[in-house]
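Asks: Structure incoming, see below.
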Amino acid sequence: MGLTREILLRASRSEWLAAQLTRRKFTQRAVRRFLPGEDLESALDAAGALRVHGIPTILTLLGEHVKQEEEAEGVTRHFLETLDRITERGYDSDLSVKPTHFGIEVDVEGTCARIKRLVEAADGLGRTVAIDMEDSPFVDDTLDIYRRIRAEHRNVAVCIQGYLFRTAADIESLLPLGPTIRLVKGAYTEPRDVACRGKRALDAAFLEHTDTLLGRLADGSDLRVFFGTHDPRMIDGIQERADRLGLPKDAFEIQMLYGIQRGLQLQLAEQGYRVRVLISYGEEWFPWYVRRLAERPANVFLLLRNLLG
Ligand code: FDA
């Protein structure tokens, strides 16, 4: 792993830095590239702007590591209200949630019940709820929650991180459920015995799992596949493999983050691929934003440019 990425990922966990930098105008200006605003209205407006280009969205309130039940309940209520707002506006917007935002660190059962309530409400509205994957200590509980909710509802997806050594086995174990899987490279700092490191290894792992998932789509298995990547090389790899297997362009979804590779998002949508953009909003953007910097350390220069005015 590059030194800059390692330093940034460590910085993303610093409460002191978060308190210092979130208040600063230059950080607020720089974060706007990835975050349309801190409130739900700004996220909905951004979803409306993408809708004009035929691009549907996913909304997520930022926040992690909630330890109090009351706070986790508040987060659940917020997401339930978001579903209502999406319905009012008539948008094709799904939701994405982080297990630690719903309290998984202190209460797995309560977290499962809260996410299930959200999935149930979303089911009635024809929306999907994706469960994000966080650091490796949460993978077992997150997959357990996914399996339990998937046993009752189809409209729930789970994120799988290509960099984890366990991922091939996890995909195999999920396949019999008729899952919806979002494959990503993985955004956290992990020990060497848990996840591969370095761009070449991450890319190879992502493409290996892409082969498995597209192969299963081609043989008619019951599953939905989302690819969460901005990497043109990964997207070429997905397209080539899908063409070779005779899969149509709408057999899977390519998902990207708001503000990243905007041109490519539009281009893929125009070519007939299903593209969906994840819009994050909320006040707790610091750790999430620094993970975005770590993905592309060149973005640190954008931050510094804002500092210099
Ligand atoms: P990579 O990081 O190798 O970048 C390839 C190219 O893409 C770069 O050269 C650049 O051109 C562009 N790019 C990538 N990131 C950029 C950035 N921040 N700014 C500007 N350009 C950028 N992770 C996780 O661990 N758990 C999760 O639940 C999720 N969920 C999730 C959902 C969705 C919809 C997406 C798109 C991503 C995630 N991720 C995630 C994050 C994921 O693991 C990964 O860190 C990022 O997608 C970056 O990896 P890429 O595949 O884009 O390639």
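Naming scheme: A, B, ... for chains in displayed order of the structure tokens; residues 1 onward per chain; ligands 1 onward as shown.
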Set out as a tab-separated table a contact list for chain A and ligand 1 with a cut-off of 7 Å, giving each residue of chain A that qualifies its closest atom pair and distance in Å to one decimal, counting only C-alpha atoms and all ligand atoms, ordered by chain and rising residue number.
Replies:
```
residue	atom	partner	partner_atom_place_in_ligand_line	distance
A:Ile131	CA	ligand 1	28 (O)	6.9
A:Asp132	CA	ligand 1	28 (O)	3.4
A:Met133	CA	ligand 1	28 (O)	4.1
A:Glu134	CA	ligand 1	26 (N)	5.3
A:Cys159	CA	ligand 1	28 (O)	5.1
A:Gln161	CA	ligand 1	25 (O)	5.8
A:Val184	CA	ligand 1	43 (O)	4.6
A:Lys185	CA	ligand 1	43 (O)	4.3
A:Gly186	CA	ligand 1	43 (O)	3.2
A:Ala187	CA	ligand 1	45 (O)	3.8
A:Tyr188	CA	ligand 1	25 (O)	5.7
A:Lys199	CA	ligand 1	3 (O)	6.2
A:Gly228	CA	ligand 1	36 (C)	3.8
A:Thr229	CA	ligand 1	51 (O)	3.6
A:His230	CA	ligand 1	52 (O)	3.7
A:Asp231	CA	ligand 1	5 (C)	3.7
A:Pro232	CA	ligand 1	6 (C)	6.5
A:Gln255	CA	ligand 1	34 (C)	4.5
A:Met256	CA	ligand 1	36 (C)	3.7
A:Leu257	CA	ligand 1	36 (C)	4.8
A:Ile260	CA	ligand 1	20 (C)	5.1
A:Gln261	CA	ligand 1	21 (N)	6.3
A:Val277	CA	ligand 1	34 (C)	6.6
A:Leu278	CA	ligand 1	34 (C)	5.3
A:Arg292	CA	ligand 1	18 (N)	4.0
A:Leu293	CA	ligand 1	18 (N)	5.6
A:Glu295	CA	ligand 1	2 (O)	4.6
A:Arg296	CA	ligand 1	17 (C)	4.9
A:Asn299	CA	ligand 1	19 (N)	6.3
```
Asks: So that I can check the secondary structure, give me every residue of range 10-168 of chain A assigned helix (DSSP H, G or I) by backbone DSSP, as an NGL selection string.
Replies: :A and (10-11 or 15-22 or 25-31 or 40-52 or 69-89 or 99-102 or 108-124 or 136-150 or 167-168)
Asks: What parts of range 42-290 of chain A does DSSP call strand (DSSP E)? I'd like the answer as an MDAnalysis selection string.
Replies: chainID A and resid 57:61 93:97 129:131 156:161 180:184 224:228 253:257 274:281
Asks: Write out as a PDB file with all heavy atoms, in the first residue's frame which residues come within 9 Å of Ile104 in chain A when counting only C-alpha atoms, dropping same-chain ones fewer than 3 positions away.
Replies:
```
ATOM      1  N   HIS A  65     -19.988   4.165  13.315  1.00  0.00           N
ATOM      2  CA  HIS A  65     -19.620   3.872  14.700  1.00  0.00           C
ATOM      3  C   HIS A  65     -20.598   4.431  15.738  1.00  0.00           C
ATOM      4  O   HIS A  65     -20.180   5.021  16.743  1.00  0.00           O
ATOM      5  CB  HIS A  65     -18.189   4.362  14.985  1.00  0.00           C
ATOM      6  CG  HIS A  65     -17.195   3.739  14.044  1.00  0.00           C
ATOM      7  ND1 HIS A  65     -16.962   2.384  14.027  1.00  0.00           N
ATOM      8  CD2 HIS A  65     -16.445   4.264  13.051  1.00  0.00           C
ATOM      9  CE1 HIS A  65     -16.083   2.108  13.082  1.00  0.00           C
ATOM     10  NE2 HIS A  65     -15.777   3.226  12.466  1.00  0.00           N
ATOM     11  N   VAL A  66     -21.888   4.243  15.486  1.00  0.00           N
ATOM     12  CA  VAL A  66     -22.911   4.668  16.450  1.00  0.00           C
ATOM     13  C   VAL A  66     -22.991   3.610  17.553  1.00  0.00           C
ATOM     14  O   VAL A  66     -23.093   2.421  17.282  1.00  0.00           O
ATOM     15  CB  VAL A  66     -24.273   4.852  15.729  1.00  0.00           C
ATOM     16  CG1 VAL A  66     -25.406   4.931  16.731  1.00  0.00           C
ATOM     17  CG2 VAL A  66     -24.234   6.099  14.857  1.00  0.00           C
ATOM     18  N   LYS A  67     -22.913   4.074  18.818  1.00  0.00           N
ATOM     19  CA  LYS A  67     -22.883   3.120  19.934  1.00  0.00           C
ATOM     20  C   LYS A  67     -24.154   3.182  20.773  1.00  0.00           C
ATOM     21  O   LYS A  67     -24.379   2.336  21.632  1.00  0.00           O
ATOM     22  CB  LYS A  67     -21.668   3.412  20.831  1.00  0.00           C
ATOM     23  CG  LYS A  67     -20.340   3.494  20.103  1.00  0.00           C
ATOM     24  CD  LYS A  67     -19.622   2.171  20.168  1.00  0.00           C
ATOM     25  CE  LYS A  67     -18.292   2.099  19.449  1.00  0.00           C
ATOM     26  NZ  LYS A  67     -17.529   3.245  19.135  1.00  0.00           N
ATOM     27  N   PRO A  99     -23.485  -0.685   8.388  1.00  0.00           N
ATOM     28  CA  PRO A  99     -23.866  -1.377   9.630  1.00  0.00           C
ATOM     29  C   PRO A  99     -23.428  -0.662  10.908  1.00  0.00           C
ATOM     30  O   PRO A  99     -24.174  -0.637  11.881  1.00  0.00           O
ATOM     31  CB  PRO A  99     -23.199  -2.747   9.485  1.00  0.00           C
ATOM     32  CG  PRO A  99     -23.127  -2.954   7.997  1.00  0.00           C
ATOM     33  CD  PRO A  99     -22.887  -1.598   7.405  1.00  0.00           C
ATOM     34  N   THR A 100     -22.232  -0.028  10.926  1.00  0.00           N
ATOM     35  CA  THR A 100     -21.831   0.615  12.188  1.00  0.00           C
ATOM     36  C   THR A 100     -22.664   1.880  12.456  1.00  0.00           C
ATOM     37  O   THR A 100     -22.727   2.352  13.588  1.00  0.00           O
ATOM     38  CB  THR A 100     -20.322   0.990  12.242  1.00  0.00           C
ATOM     39  OG1 THR A 100     -20.039   2.031  11.304  1.00  0.00           O
ATOM     40  CG2 THR A 100     -19.419  -0.196  11.981  1.00  0.00           C
ATOM     41  N   HIS A 101     -23.315   2.407  11.419  1.00  0.00           N
ATOM     42  CA  HIS A 101     -24.207   3.561  11.610  1.00  0.00           C
ATOM     43  C   HIS A 101     -25.497   3.109  12.289  1.00  0.00           C
ATOM     44  O   HIS A 101     -26.214   3.895  12.902  1.00  0.00           O
ATOM     45  CB  HIS A 101     -24.511   4.152  10.215  1.00  0.00           C
ATOM     46  CG  HIS A 101     -24.911   5.581  10.216  1.00  0.00           C
ATOM     47  ND1 HIS A 101     -25.441   6.195   9.106  1.00  0.00           N
ATOM     48  CD2 HIS A 101     -24.870   6.542  11.174  1.00  0.00           C
ATOM     49  CE1 HIS A 101     -25.702   7.460   9.387  1.00  0.00           C
ATOM     50  NE2 HIS A 101     -25.367   7.689  10.628  1.00  0.00           N
ATOM     51  N   ASP A 107     -24.627  -4.037  19.089  1.00  0.00           N
ATOM     52  CA  ASP A 107     -25.884  -4.784  19.117  1.00  0.00           C
ATOM     53  C   ASP A 107     -26.232  -5.307  17.707  1.00  0.00           C
ATOM     54  O   ASP A 107     -26.875  -4.618  16.920  1.00  0.00           O
ATOM     55  CB  ASP A 107     -26.987  -3.823  19.633  1.00  0.00           C
ATOM     56  CG  ASP A 107     -28.350  -4.475  19.695  1.00  0.00           C
ATOM     57  OD1 ASP A 107     -28.433  -5.701  19.507  1.00  0.00           O
ATOM     58  OD2 ASP A 107     -29.332  -3.735  19.933  1.00  0.00           O
ATOM     59  N   VAL A 108     -25.793  -6.547  17.439  1.00  0.00           N
ATOM     60  CA  VAL A 108     -26.012  -7.126  16.102  1.00  0.00           C
ATOM     61  C   VAL A 108     -27.504  -7.358  15.865  1.00  0.00           C
ATOM     62  O   VAL A 108     -28.046  -7.056  14.793  1.00  0.00           O
ATOM     63  CB  VAL A 108     -25.215  -8.442  15.943  1.00  0.00           C
ATOM     64  CG1 VAL A 108     -25.505  -9.098  14.594  1.00  0.00           C
ATOM     65  CG2 VAL A 108     -23.723  -8.179  16.079  1.00  0.00           C
ATOM     66  N   GLU A 109     -28.195  -7.887  16.894  1.00  0.00           N
ATOM     67  CA  GLU A 109     -29.637  -8.172  16.736  1.00  0.00           C
ATOM     68  C   GLU A 109     -30.421  -6.904  16.440  1.00  0.00           C
ATOM     69  O   GLU A 109     -31.271  -6.868  15.553  1.00  0.00           O
ATOM     70  CB  GLU A 109     -30.190  -8.794  18.035  1.00  0.00           C
ATOM     71  CG  GLU A 109     -29.819 -10.244  18.231  1.00  0.00           C
ATOM     72  CD  GLU A 109     -30.202 -11.118  17.038  1.00  0.00           C
ATOM     73  OE1 GLU A 109     -31.338 -10.993  16.555  1.00  0.00           O
ATOM     74  OE2 GLU A 109     -29.349 -11.893  16.594  1.00  0.00           O
ATOM     75  N   GLY A 110     -30.146  -5.859  17.232  1.00  0.00           N
ATOM     76  CA  GLY A 110     -30.849  -4.581  17.044  1.00  0.00           C
ATOM     77  C   GLY A 110     -30.561  -4.010  15.662  1.00  0.00           C
ATOM     78  O   GLY A 110     -31.453  -3.478  14.991  1.00  0.00           O
ATOM     79  N   THR A 111     -29.303  -4.137  15.220  1.00  0.00           N
ATOM     80  CA  THR A 111     -28.924  -3.621  13.900  1.00  0.00           C
ATOM     81  C   THR A 111     -29.680  -4.364  12.814  1.00  0.00           C
ATOM     82  O   THR A 111     -30.214  -3.774  11.872  1.00  0.00           O
ATOM     83  CB  THR A 111     -27.391  -3.778  13.693  1.00  0.00           C
ATOM     84  OG1 THR A 111     -26.751  -3.052  14.722  1.00  0.00           O
ATOM     85  CG2 THR A 111     -26.952  -3.264  12.347  1.00  0.00           C
ATOM     86  N   CYS A 112     -29.754  -5.692  12.964  1.00  0.00           N
ATOM     87  CA  CYS A 112     -30.475  -6.513  11.985  1.00  0.00           C
ATOM     88  C   CYS A 112     -31.945  -6.071  11.942  1.00  0.00           C
ATOM     89  O   CYS A 112     -32.509  -5.872  10.863  1.00  0.00           O
ATOM     90  CB  CYS A 112     -30.356  -7.994  12.375  1.00  0.00           C
ATOM     91  SG  CYS A 112     -31.079  -9.090  11.154  1.00  0.00           S
ATOM     92  N   PHE A 138     -16.092  -6.568  10.844  1.00  0.00           N
ATOM     93  CA  PHE A 138     -17.560  -6.543  10.748  1.00  0.00           C
ATOM     94  C   PHE A 138     -18.119  -7.447   9.655  1.00  0.00           C
ATOM     95  O   PHE A 138     -19.339  -7.538   9.488  1.00  0.00           O
ATOM     96  CB  PHE A 138     -18.051  -5.104  10.506  1.00  0.00           C
ATOM     97  CG  PHE A 138     -17.609  -4.148  11.574  1.00  0.00           C
ATOM     98  CD1 PHE A 138     -16.723  -3.127  11.294  1.00  0.00           C
ATOM     99  CD2 PHE A 138     -18.049  -4.305  12.884  1.00  0.00           C
ATOM    100  CE1 PHE A 138     -16.292  -2.258  12.285  1.00  0.00           C
ATOM    101  CE2 PHE A 138     -17.630  -3.444  13.883  1.00  0.00           C
ATOM    102  CZ  PHE A 138     -16.745  -2.419  13.591  1.00  0.00           C
ATOM    103  N   ASP A 141     -20.579 -10.509  10.799  1.00  0.00           N
ATOM    104  CA  ASP A 141     -21.891 -10.064  11.287  1.00  0.00           C
ATOM    105  C   ASP A 141     -22.703  -9.418  10.163  1.00  0.00           C
ATOM    106  O   ASP A 141     -23.917  -9.578  10.090  1.00  0.00           O
ATOM    107  CB  ASP A 141     -21.724  -9.065  12.452  1.00  0.00           C
ATOM    108  CG  ASP A 141     -21.311  -9.769  13.739  1.00  0.00           C
ATOM    109  OD1 ASP A 141     -21.570 -10.985  13.867  1.00  0.00           O
ATOM    110  OD2 ASP A 141     -20.728  -9.103  14.616  1.00  0.00           O
ATOM    111  N   THR A 142     -22.018  -8.681   9.288  1.00  0.00           N
ATOM    112  CA  THR A 142     -22.729  -8.021   8.183  1.00  0.00           C
ATOM    113  C   THR A 142     -23.325  -9.073   7.241  1.00  0.00           C
ATOM    114  O   THR A 142     -24.491  -8.974   6.827  1.00  0.00           O
ATOM    115  CB  THR A 142     -21.768  -7.078   7.413  1.00  0.00           C
ATOM    116  OG1 THR A 142     -21.255  -6.125   8.349  1.00  0.00           O
ATOM    117  CG2 THR A 142     -22.481  -6.354   6.287  1.00  0.00           C
TER     118      THR A 142
END
```
Asks: Which is closest to Gln28 in chain A among A:Trp285, A:Ile238, A:Ala294, A:Asp92, if we use only C-alpha atoms?
Replies: A:Trp285
Asks: Considering only C-alpha atoms, return as a PyMOL selection string whatever protein or nucleic-acid residues lie within 12 Å of Pro287 in chain A, sequence-local ones (same chain, fewer than 2 positions apart) excluded.
Replies: chain A and resi 8-19+21-22+31+62-65+187-188+283-285+289-294
Asks: How many Å lie between CA of Pro248 in chain A and CA of Arg154 in chain A, rounded to one decimal?
Replies: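 CA of Arg154 in chain A lies at a distance of 22.2 Å from CA of Pro248 in chain A.
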Asks: Restricting the calculation to only C-alpha atoms: of A:Ile115, A:Arg24, A:Leu3, A:Leu59, which residue gets closest to Arg148 in chain A?
Replies: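 For Arg148 in chain A, the nearest of the given residues is A:Ile115.
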Asks: Could you list, as a PyMOL selection string, every residue within 10 Å of Ser93 in chain A, counting only C-alpha atoms and ignoring same-chain residues fewer than 3 positions away?
Replies: chain A and resi 44+47-48+51+55-59+82-83+86-87+89-90+126-129+276-279
Asks: Which of these residues is nearest to Asp219 in chain A, using only C-alpha atoms: A:Gly246, A:Gly237, A:Tyr273, A:Val119?
Replies: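 Ranked by minimum distance to Asp219 in chain A, first place goes to A:Gly246.
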Asks: Using only C-alpha atoms, can you tell me which of A:Phe227, A:Leu202, A:Ala151, A:Gly178 comes closest to Leu164 in chain A?
Replies: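 Residue with the minimum atom-to-atom distance to Leu164 in chain A: A:Leu202.
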Asks: Suppose you want the space between CA of Arg262 in chain A and CA of Ser96 in chain A; what is it in Å?
Replies: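 The value is 20.1 Å.
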Asks: Considering only C-alpha atoms, give me a table of residues in range 89-167 of chain A that are at most 9 Å from range 189-197 of chain A, with the closest atom pair and distance in Å for each, as a Markdown table.
Replies:
```
| residue | atom | partner | partner_atom | distance |
| --- | --- | --- | --- | --- |
| A:Asp135 | CA | A:Glu190 | CA | 7.4 |
| A:Ser136 | CA | A:Glu190 | CA | 7.2 |
| A:Gly162 | CA | A:Ala195 | CA | 8.6 |
| A:Tyr163 | CA | A:Ala195 | CA | 5.1 |
| A:Leu164 | CA | A:Ala195 | CA | 4.2 |
| A:Phe165 | CA | A:Ala195 | CA | 5.4 |
| A:Arg166 | CA | A:Val194 | CA | 7.7 |
```
Asks: Mind writing the picked residues with C-alpha atoms as a tab-separated table (two decimals), in the first residue's frame?
Replies:
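Written out: result_20.tsv:
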```tsv
chain	number	residue	atom	x	y	z
A	135	ASP	CA	-13.62	-3.02	8.05
A	136	SER	CA	-12.91	-6.75	8.17
A	162	GLY	CA	-12.53	-7.71	-3.79
A	163	TYR	CA	-9.35	-7.15	-1.71
A	164	LEU	CA	-10.29	-9.58	1.09
A	165	PHE	CA	-8.76	-13.05	0.78
A	166	ARG	CA	-12.02	-14.56	2.04
```
Asks: I need the residue nearest Gln267 in chain A from this list: A:Leu125, A:Ala130, A:Leu207, A:Ile254. Use only C-alpha atoms for the distance.
Replies: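 For Gln267 in chain A, the nearest of the candidates is A:Ile254.
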Asks: Need the shell around Asp211 in chain A: protein/DNA/RNA residues with any atom at most 9 Å away, counting only C-alpha atoms. Skip same-chain ones fewer than 4 positions apart. Format as a compact mmCIF listing (two decimals) with all heavy atoms, in the first residue's frame?
Replies:
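Written file, selection05.txt:
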```txt
# COMPACT_ATOMS: atom_id res chain seq x y z
N PHE A 206 -10.29 -7.95 -8.18
CA PHE A 206 -11.59 -7.43 -8.63
C PHE A 206 -12.02 -8.17 -9.90
O PHE A 206 -13.18 -8.61 -10.03
CB PHE A 206 -11.47 -5.92 -8.89
CG PHE A 206 -12.78 -5.25 -9.24
CD1 PHE A 206 -13.57 -4.66 -8.27
CD2 PHE A 206 -13.22 -5.21 -10.56
CE1 PHE A 206 -14.78 -4.04 -8.59
CE2 PHE A 206 -14.42 -4.59 -10.90
CZ PHE A 206 -15.20 -4.00 -9.91
N LEU A 207 -11.08 -8.35 -10.84
CA LEU A 207 -11.45 -8.99 -12.11
C LEU A 207 -11.73 -10.49 -11.93
O LEU A 207 -12.58 -11.06 -12.61
CB LEU A 207 -10.37 -8.75 -13.16
CG LEU A 207 -10.29 -7.28 -13.63
CD1 LEU A 207 -9.11 -7.08 -14.57
CD2 LEU A 207 -11.60 -6.84 -14.32
N GLY A 215 -20.00 -14.88 -14.87
CA GLY A 215 -20.19 -16.29 -15.27
C GLY A 215 -21.51 -16.82 -14.73
O GLY A 215 -22.27 -17.50 -15.44
N ARG A 216 -21.82 -16.48 -13.49
CA ARG A 216 -23.07 -16.94 -12.89
C ARG A 216 -24.28 -16.28 -13.54
O ARG A 216 -25.31 -16.91 -13.71
CB ARG A 216 -23.08 -16.68 -11.39
CG ARG A 216 -22.11 -17.57 -10.63
CD ARG A 216 -22.32 -19.03 -10.99
NE ARG A 216 -21.41 -19.89 -10.27
CZ ARG A 216 -21.79 -20.68 -9.26
NH1 ARG A 216 -23.04 -20.74 -8.88
NH2 ARG A 216 -20.88 -21.41 -8.65
N ILE A 238 -14.95 -5.43 -17.38
CA ILE A 238 -16.33 -5.91 -17.18
C ILE A 238 -17.02 -6.01 -18.56
O ILE A 238 -17.66 -7.02 -18.88
CB ILE A 238 -17.11 -4.93 -16.26
CG1 ILE A 238 -16.53 -4.91 -14.85
CG2 ILE A 238 -18.60 -5.30 -16.23
CD1 ILE A 238 -16.97 -3.71 -14.00
N ARG A 241 -15.64 -8.93 -20.74
CA ARG A 241 -16.10 -10.24 -20.25
C ARG A 241 -17.58 -10.45 -20.53
O ARG A 241 -18.02 -11.52 -20.91
CB ARG A 241 -15.81 -10.35 -18.74
CG ARG A 241 -14.35 -10.57 -18.45
CD ARG A 241 -14.02 -10.27 -16.99
NE ARG A 241 -12.67 -10.71 -16.67
CZ ARG A 241 -11.57 -10.04 -16.99
NH1 ARG A 241 -11.65 -8.89 -17.65
NH2 ARG A 241 -10.37 -10.51 -16.66
N ALA A 242 -18.37 -9.39 -20.31
CA ALA A 242 -19.81 -9.51 -20.52
C ALA A 242 -20.10 -9.79 -22.00
O ALA A 242 -20.93 -10.64 -22.33
CB ALA A 242 -20.51 -8.22 -20.08
```
Asks: Pick from A:Val75, A:Leu214, A:Leu40, A:Ala122: nearest to Asp94 in chain A, with only C-alpha atoms counted?
Replies: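 Among the listed residues, A:Ala122 lies closest to Asp94 in chain A.
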